[in-house]
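What follows is a short report on a single structure.
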Amino acid sequence: VKSEYRKKEGKFGVMVIRGIELSDAANFLQLCKTLDEETPFMMLEPGERNTTVEQQSQMIRELNQTKRSLILVCEIDGKLVGYLSAFREKYRRKRHCVYIVIGILNRFTKRGIGTQLFDRLEQWGEAEKIHRLELTVMVHNTAAIALYKKIGFQIEGIKRHSLLVDRTFVDEYDMAKLI
Ligand SMILES: CC(C)(COP(=O)(O)OP(=O)(O)OC[C@H]1O[C@@H](n2cnc3c(N)ncnc32)[C@H](O)[C@@H]1OP(=O)(O)O)[C@@H](O)C(=O)NCCC(=O)NCCS
């Protein structure tokens, strides 16, 4: 889906939300590495990601062949600025659920991209007979929790000390939305 994106200076850029392609491998890996540096709210520490472009390519190839899971990317003027991944396990009793991860570069946040990524995810989810969207979020990640609640996710539980961030144990919420 192509739309206009209003830049901070008031100019418009071209924004595209689409499924990831094999040719995105190197740029997607770089996006993930930048997010590792930029935000303490995702899983990997800065410098911890040791995936190679070849491994990333293989992952995208498998994803696009099996179509079991989905990675959406947001591209603005040709540059990847964010993504949403939705992973689905293969077993039949769990196939109606997806586990979601989302990350948007800081300078592109608060402009509706997260909401649009979730809209696209739900379109795919309906077509794929997905019934349950799941995610985990650090309890102090107020921006993300506000987004998730706004679009209908509910807190189902708390995972105490489930992460160790900068030598401090951090709790996470389990959140989910039925669609
Ligand atoms: C969390 C994140 C995905 C939100 O994406 P986004 O594109 O900024 O979200 P949107 O612009 O669509 O905002 C949707 C709603 O989220 C809430 N929100 C977003 N940013 C917020 C902030 N900084 N403070 C408070 N609420 C915020 C608001 O309710 C907003 O609705 P509104 O615009 O009507 O007020 C993005 O900030 C991000 O990637 N952060 C870093 C990585 C991260 O935390 N990932 C999630 C890990 S679980």
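Residue numbering restarts at 1 in every chain; chains get A, B, ... in the order shown in the structure tokens, and ligands count up from 1 in that same order.
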Please, which residues in chain A fall within 9 Å of ligand 1 when counting only C-alpha atoms and all ligand atoms, and what is the closest atom pair and distance in Å to one decimal for each, ordered by chain then residue number, as JSON lines?
```
{"residue": "A:Leu35", "atom": "CA", "partner": "ligand 1", "partner_atom_place_in_ligand_line": "42 (C)", "distance": 7.2}
{"residue": "A:Glu38", "atom": "CA", "partner": "ligand 1", "partner_atom_place_in_ligand_line": "41 (C)", "distance": 8.0}
{"residue": "A:Thr39", "atom": "CA", "partner": "ligand 1", "partner_atom_place_in_ligand_line": "41 (C)", "distance": 5.6}
{"residue": "A:Pro40", "atom": "CA", "partner": "ligand 1", "partner_atom_place_in_ligand_line": "44 (O)", "distance": 7.7}
{"residue": "A:Phe41", "atom": "CA", "partner": "ligand 1", "partner_atom_place_in_ligand_line": "44 (O)", "distance": 4.7}
{"residue": "A:Met42", "atom": "CA", "partner": "ligand 1", "partner_atom_place_in_ligand_line": "47 (C)", "distance": 5.1}
{"residue": "A:Met43", "atom": "CA", "partner": "ligand 1", "partner_atom_place_in_ligand_line": "47 (C)", "distance": 8.2}
{"residue": "A:Gly82", "atom": "CA", "partner": "ligand 1", "partner_atom_place_in_ligand_line": "39 (O)", "distance": 7.2}
{"residue": "A:Tyr83", "atom": "CA", "partner": "ligand 1", "partner_atom_place_in_ligand_line": "39 (O)", "distance": 8.3}
{"residue": "A:Leu84", "atom": "CA", "partner": "ligand 1", "partner_atom_place_in_ligand_line": "3 (C)", "distance": 8.5}
{"residue": "A:Ile100", "atom": "CA", "partner": "ligand 1", "partner_atom_place_in_ligand_line": "48 (S)", "distance": 8.4}
{"residue": "A:Val101", "atom": "CA", "partner": "ligand 1", "partner_atom_place_in_ligand_line": "48 (S)", "distance": 6.3}
{"residue": "A:Ile102", "atom": "CA", "partner": "ligand 1", "partner_atom_place_in_ligand_line": "45 (N)", "distance": 5.1}
{"residue": "A:Gly103", "atom": "CA", "partner": "ligand 1", "partner_atom_place_in_ligand_line": "39 (O)", "distance": 3.5}
{"residue": "A:Ile104", "atom": "CA", "partner": "ligand 1", "partner_atom_place_in_ligand_line": "39 (O)", "distance": 3.6}
{"residue": "A:Leu105", "atom": "CA", "partner": "ligand 1", "partner_atom_place_in_ligand_line": "39 (O)", "distance": 6.2}
{"residue": "A:Asn106", "atom": "CA", "partner": "ligand 1", "partner_atom_place_in_ligand_line": "41 (C)", "distance": 6.5}
{"residue": "A:Phe108", "atom": "CA", "partner": "ligand 1", "partner_atom_place_in_ligand_line": "7 (O)", "distance": 6.8}
{"residue": "A:Thr109", "atom": "CA", "partner": "ligand 1", "partner_atom_place_in_ligand_line": "8 (O)", "distance": 3.5}
{"residue": "A:Lys110", "atom": "CA", "partner": "ligand 1", "partner_atom_place_in_ligand_line": "11 (O)", "distance": 3.3}
{"residue": "A:Arg111", "atom": "CA", "partner": "ligand 1", "partner_atom_place_in_ligand_line": "11 (O)", "distance": 4.0}
{"residue": "A:Gly112", "atom": "CA", "partner": "ligand 1", "partner_atom_place_in_ligand_line": "12 (O)", "distance": 3.3}
{"residue": "A:Ile113", "atom": "CA", "partner": "ligand 1", "partner_atom_place_in_ligand_line": "7 (O)", "distance": 3.9}
{"residue": "A:Gly114", "atom": "CA", "partner": "ligand 1", "partner_atom_place_in_ligand_line": "7 (O)", "distance": 3.5}
{"residue": "A:Thr115", "atom": "CA", "partner": "ligand 1", "partner_atom_place_in_ligand_line": "12 (O)", "distance": 3.8}
{"residue": "A:Gln116", "atom": "CA", "partner": "ligand 1", "partner_atom_place_in_ligand_line": "12 (O)", "distance": 6.6}
{"residue": "A:Leu117", "atom": "CA", "partner": "ligand 1", "partner_atom_place_in_ligand_line": "12 (O)", "distance": 8.1}
{"residue": "A:Phe118", "atom": "CA", "partner": "ligand 1", "partner_atom_place_in_ligand_line": "12 (O)", "distance": 8.6}
{"residue": "A:Leu135", "atom": "CA", "partner": "ligand 1", "partner_atom_place_in_ligand_line": "48 (S)", "distance": 7.1}
{"residue": "A:Thr136", "atom": "CA", "partner": "ligand 1", "partner_atom_place_in_ligand_line": "48 (S)", "distance": 5.9}
{"residue": "A:Val137", "atom": "CA", "partner": "ligand 1", "partner_atom_place_in_ligand_line": "48 (S)", "distance": 4.1}
{"residue": "A:Met138", "atom": "CA", "partner": "ligand 1", "partner_atom_place_in_ligand_line": "48 (S)", "distance": 6.6}
{"residue": "A:Asn141", "atom": "CA", "partner": "ligand 1", "partner_atom_place_in_ligand_line": "44 (O)", "distance": 6.3}
{"residue": "A:Thr142", "atom": "CA", "partner": "ligand 1", "partner_atom_place_in_ligand_line": "25 (C)", "distance": 6.0}
{"residue": "A:Ala143", "atom": "CA", "partner": "ligand 1", "partner_atom_place_in_ligand_line": "21 (C)", "distance": 3.7}
{"residue": "A:Ala144", "atom": "CA", "partner": "ligand 1", "partner_atom_place_in_ligand_line": "1 (C)", "distance": 3.6}
{"residue": "A:Ile145", "atom": "CA", "partner": "ligand 1", "partner_atom_place_in_ligand_line": "1 (C)", "distance": 7.3}
{"residue": "A:Ala146", "atom": "CA", "partner": "ligand 1", "partner_atom_place_in_ligand_line": "17 (C)", "distance": 4.5}
{"residue": "A:Leu147", "atom": "CA", "partner": "ligand 1", "partner_atom_place_in_ligand_line": "16 (O)", "distance": 3.3}
{"residue": "A:Tyr148", "atom": "CA", "partner": "ligand 1", "partner_atom_place_in_ligand_line": "16 (O)", "distance": 7.1}
{"residue": "A:Lys149", "atom": "CA", "partner": "ligand 1", "partner_atom_place_in_ligand_line": "29 (O)", "distance": 7.8}
{"residue": "A:Lys150", "atom": "CA", "partner": "ligand 1", "partner_atom_place_in_ligand_line": "29 (O)", "distance": 5.9}
{"residue": "A:Ile151", "atom": "CA", "partner": "ligand 1", "partner_atom_place_in_ligand_line": "15 (C)", "distance": 8.1}
```
Using only C-alpha atoms, the residue out of A:Gln58, A:Cys32, A:Val170, A:Asp119 with shortest distance to Pro46 (chain A) is A:Cys32
- Return as a PyMOL selection string the full set of residues in region 9-79 of chain A whose backbone-based DSSP assignment is helix (DSSP H, G or I). chain A and resi 22-38+53-66
Write the selection just made, keeping N, CA, C and O atoms, as a short mmCIF file (atom, residue, chain, number, x, y, z; two decimals), in the first residue's frame?
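Saved result, result_1.cif, follows:
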```cif
data_model
loop_
_atom_site.label_atom_id
_atom_site.label_comp_id
_atom_site.auth_asym_id
_atom_site.auth_seq_id
_atom_site.Cartn_x
_atom_site.Cartn_y
_atom_site.Cartn_z
N LEU A 22 13.15 -10.74 -0.84
CA LEU A 22 14.52 -11.23 -0.71
C LEU A 22 15.54 -10.10 -0.87
O LEU A 22 16.54 -10.04 -0.14
N SER A 23 15.25 -9.17 -1.75
CA SER A 23 16.19 -8.07 -2.00
C SER A 23 16.30 -7.10 -0.82
O SER A 23 17.15 -6.22 -0.81
N ASP A 24 15.44 -7.27 0.20
CA ASP A 24 15.51 -6.39 1.39
C ASP A 24 16.52 -6.91 2.42
O ASP A 24 16.74 -6.25 3.44
N ALA A 25 17.10 -8.10 2.19
CA ALA A 25 17.84 -8.77 3.27
C ALA A 25 18.86 -7.85 3.95
O ALA A 25 18.85 -7.68 5.17
N ALA A 26 19.75 -7.23 3.16
CA ALA A 26 20.82 -6.42 3.77
C ALA A 26 20.24 -5.19 4.46
O ALA A 26 20.64 -4.86 5.59
N ASN A 27 19.27 -4.55 3.82
CA ASN A 27 18.68 -3.34 4.42
C ASN A 27 17.87 -3.66 5.67
O ASN A 27 17.86 -2.90 6.63
N PHE A 28 17.19 -4.81 5.63
CA PHE A 28 16.40 -5.21 6.80
C PHE A 28 17.33 -5.51 7.99
O PHE A 28 17.06 -5.11 9.13
N LEU A 29 18.44 -6.20 7.69
CA LEU A 29 19.40 -6.51 8.76
C LEU A 29 19.94 -5.21 9.35
O LEU A 29 20.06 -5.07 10.57
N GLN A 30 20.24 -4.25 8.49
CA GLN A 30 20.74 -2.96 8.97
C GLN A 30 19.69 -2.24 9.81
O GLN A 30 20.01 -1.65 10.84
N LEU A 31 18.43 -2.31 9.38
CA LEU A 31 17.35 -1.69 10.16
C LEU A 31 17.30 -2.31 11.57
O LEU A 31 17.21 -1.61 12.58
N CYS A 32 17.37 -3.63 11.62
CA CYS A 32 17.32 -4.32 12.93
C CYS A 32 18.51 -3.90 13.80
O CYS A 32 18.38 -3.67 15.00
N LYS A 33 19.71 -3.79 13.17
CA LYS A 33 20.90 -3.40 13.94
C LYS A 33 20.76 -1.97 14.46
O LYS A 33 21.14 -1.68 15.59
N THR A 34 20.19 -1.09 13.64
CA THR A 34 20.00 0.30 14.09
C THR A 34 19.01 0.34 15.25
O THR A 34 19.22 1.04 16.24
N LEU A 35 17.94 -0.46 15.15
CA LEU A 35 16.97 -0.52 16.25
C LEU A 35 17.62 -1.08 17.52
O LEU A 35 17.37 -0.60 18.62
N ASP A 36 18.51 -2.08 17.36
CA ASP A 36 19.21 -2.63 18.53
C ASP A 36 19.98 -1.52 19.25
O ASP A 36 20.09 -1.52 20.48
N GLU A 37 20.56 -0.60 18.47
CA GLU A 37 21.34 0.50 19.05
C GLU A 37 20.41 1.55 19.66
O GLU A 37 20.73 2.15 20.68
N GLU A 38 19.29 1.78 18.99
CA GLU A 38 18.46 2.95 19.28
C GLU A 38 17.50 2.76 20.44
O GLU A 38 17.21 3.69 21.17
N VAL A 53 24.09 -11.57 6.20
CA VAL A 53 23.13 -11.25 5.14
C VAL A 53 22.63 -12.55 4.51
O VAL A 53 21.43 -12.68 4.20
N GLU A 54 23.52 -13.53 4.38
CA GLU A 54 23.13 -14.82 3.80
C GLU A 54 22.05 -15.50 4.67
O GLU A 54 21.05 -16.01 4.17
N GLN A 55 22.27 -15.50 5.99
CA GLN A 55 21.27 -16.10 6.91
C GLN A 55 19.94 -15.34 6.85
O GLN A 55 18.86 -15.93 6.86
N GLN A 56 20.06 -14.02 6.77
CA GLN A 56 18.84 -13.20 6.69
C GLN A 56 18.09 -13.52 5.39
O GLN A 56 16.87 -13.66 5.38
N SER A 57 18.84 -13.66 4.30
CA SER A 57 18.22 -13.98 3.01
C SER A 57 17.50 -15.32 3.09
O SER A 57 16.38 -15.48 2.59
N GLN A 58 18.16 -16.29 3.70
CA GLN A 58 17.58 -17.64 3.82
C GLN A 58 16.28 -17.59 4.63
O GLN A 58 15.29 -18.23 4.27
N MET A 59 16.29 -16.77 5.68
CA MET A 59 15.10 -16.63 6.52
C MET A 59 13.94 -16.04 5.70
O MET A 59 12.81 -16.52 5.77
N ILE A 60 14.25 -15.03 4.90
CA ILE A 60 13.19 -14.38 4.09
C ILE A 60 12.69 -15.36 3.02
O ILE A 60 11.49 -15.46 2.76
N ARG A 61 13.63 -16.11 2.43
CA ARG A 61 13.25 -17.09 1.41
C ARG A 61 12.26 -18.10 2.00
O ARG A 61 11.21 -18.36 1.43
N GLU A 62 12.60 -18.64 3.16
CA GLU A 62 11.73 -19.63 3.82
C GLU A 62 10.36 -19.03 4.16
O GLU A 62 9.31 -19.64 3.93
N LEU A 63 10.42 -17.82 4.71
CA LEU A 63 9.19 -17.12 5.10
C LEU A 63 8.26 -16.96 3.89
O LEU A 63 7.07 -17.23 3.96
N ASN A 64 8.83 -16.52 2.78
CA ASN A 64 8.00 -16.25 1.61
C ASN A 64 7.60 -17.54 0.88
O ASN A 64 6.62 -17.54 0.15
N GLN A 65 8.34 -18.62 1.13
CA GLN A 65 7.93 -19.90 0.54
C GLN A 65 6.80 -20.54 1.33
O GLN A 65 5.79 -20.95 0.78
N THR A 66 6.96 -20.59 2.66
CA THR A 66 5.94 -21.29 3.46
C THR A 66 4.71 -20.42 3.66
O THR A 66 3.62 -20.94 3.87
#
```
Exercise. Between A:Arg160, A:Thr52, A:Met15, A:Met175, which has the minimum distance to Tyr99 (chain A) (counting only C-alpha atoms)?
Worked result: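 So, comparing all the options, the nearest one is A:Met175.
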**Request:** Write out as JSON, numbers by chain all residues of chain A that DSSP puts in strand (DSSP E or B) for this structure's backbone.
**Result:** {"A": [2, 3, 4, 5, 6, 12, 13, 14, 15, 16, 17, 18, 19, 70, 71, 72, 73, 74, 75, 76, 79, 80, 81, 82, 83, 84, 85, 86, 87, 97, 98, 99, 100, 101, 102, 103, 104, 132, 133, 134, 135, 136, 137, 138, 154, 155, 156, 157, 158, 159, 160, 161, 162, 163, 164, 165, 168, 169, 170, 171, 172, 173, 174, 175, 176, 177, 178]}
query = Excluding same-chain residues fewer than 2 positions from Ile158 (chain A), what lies within 7 Å of it counting only C-alpha atoms, as a PyMOL selection string?
reply = chain A and resi 160+171-174
Atom pair CA of Arg18 (chain A) + CA of Arg93 (chain A), distance 28.4 Å
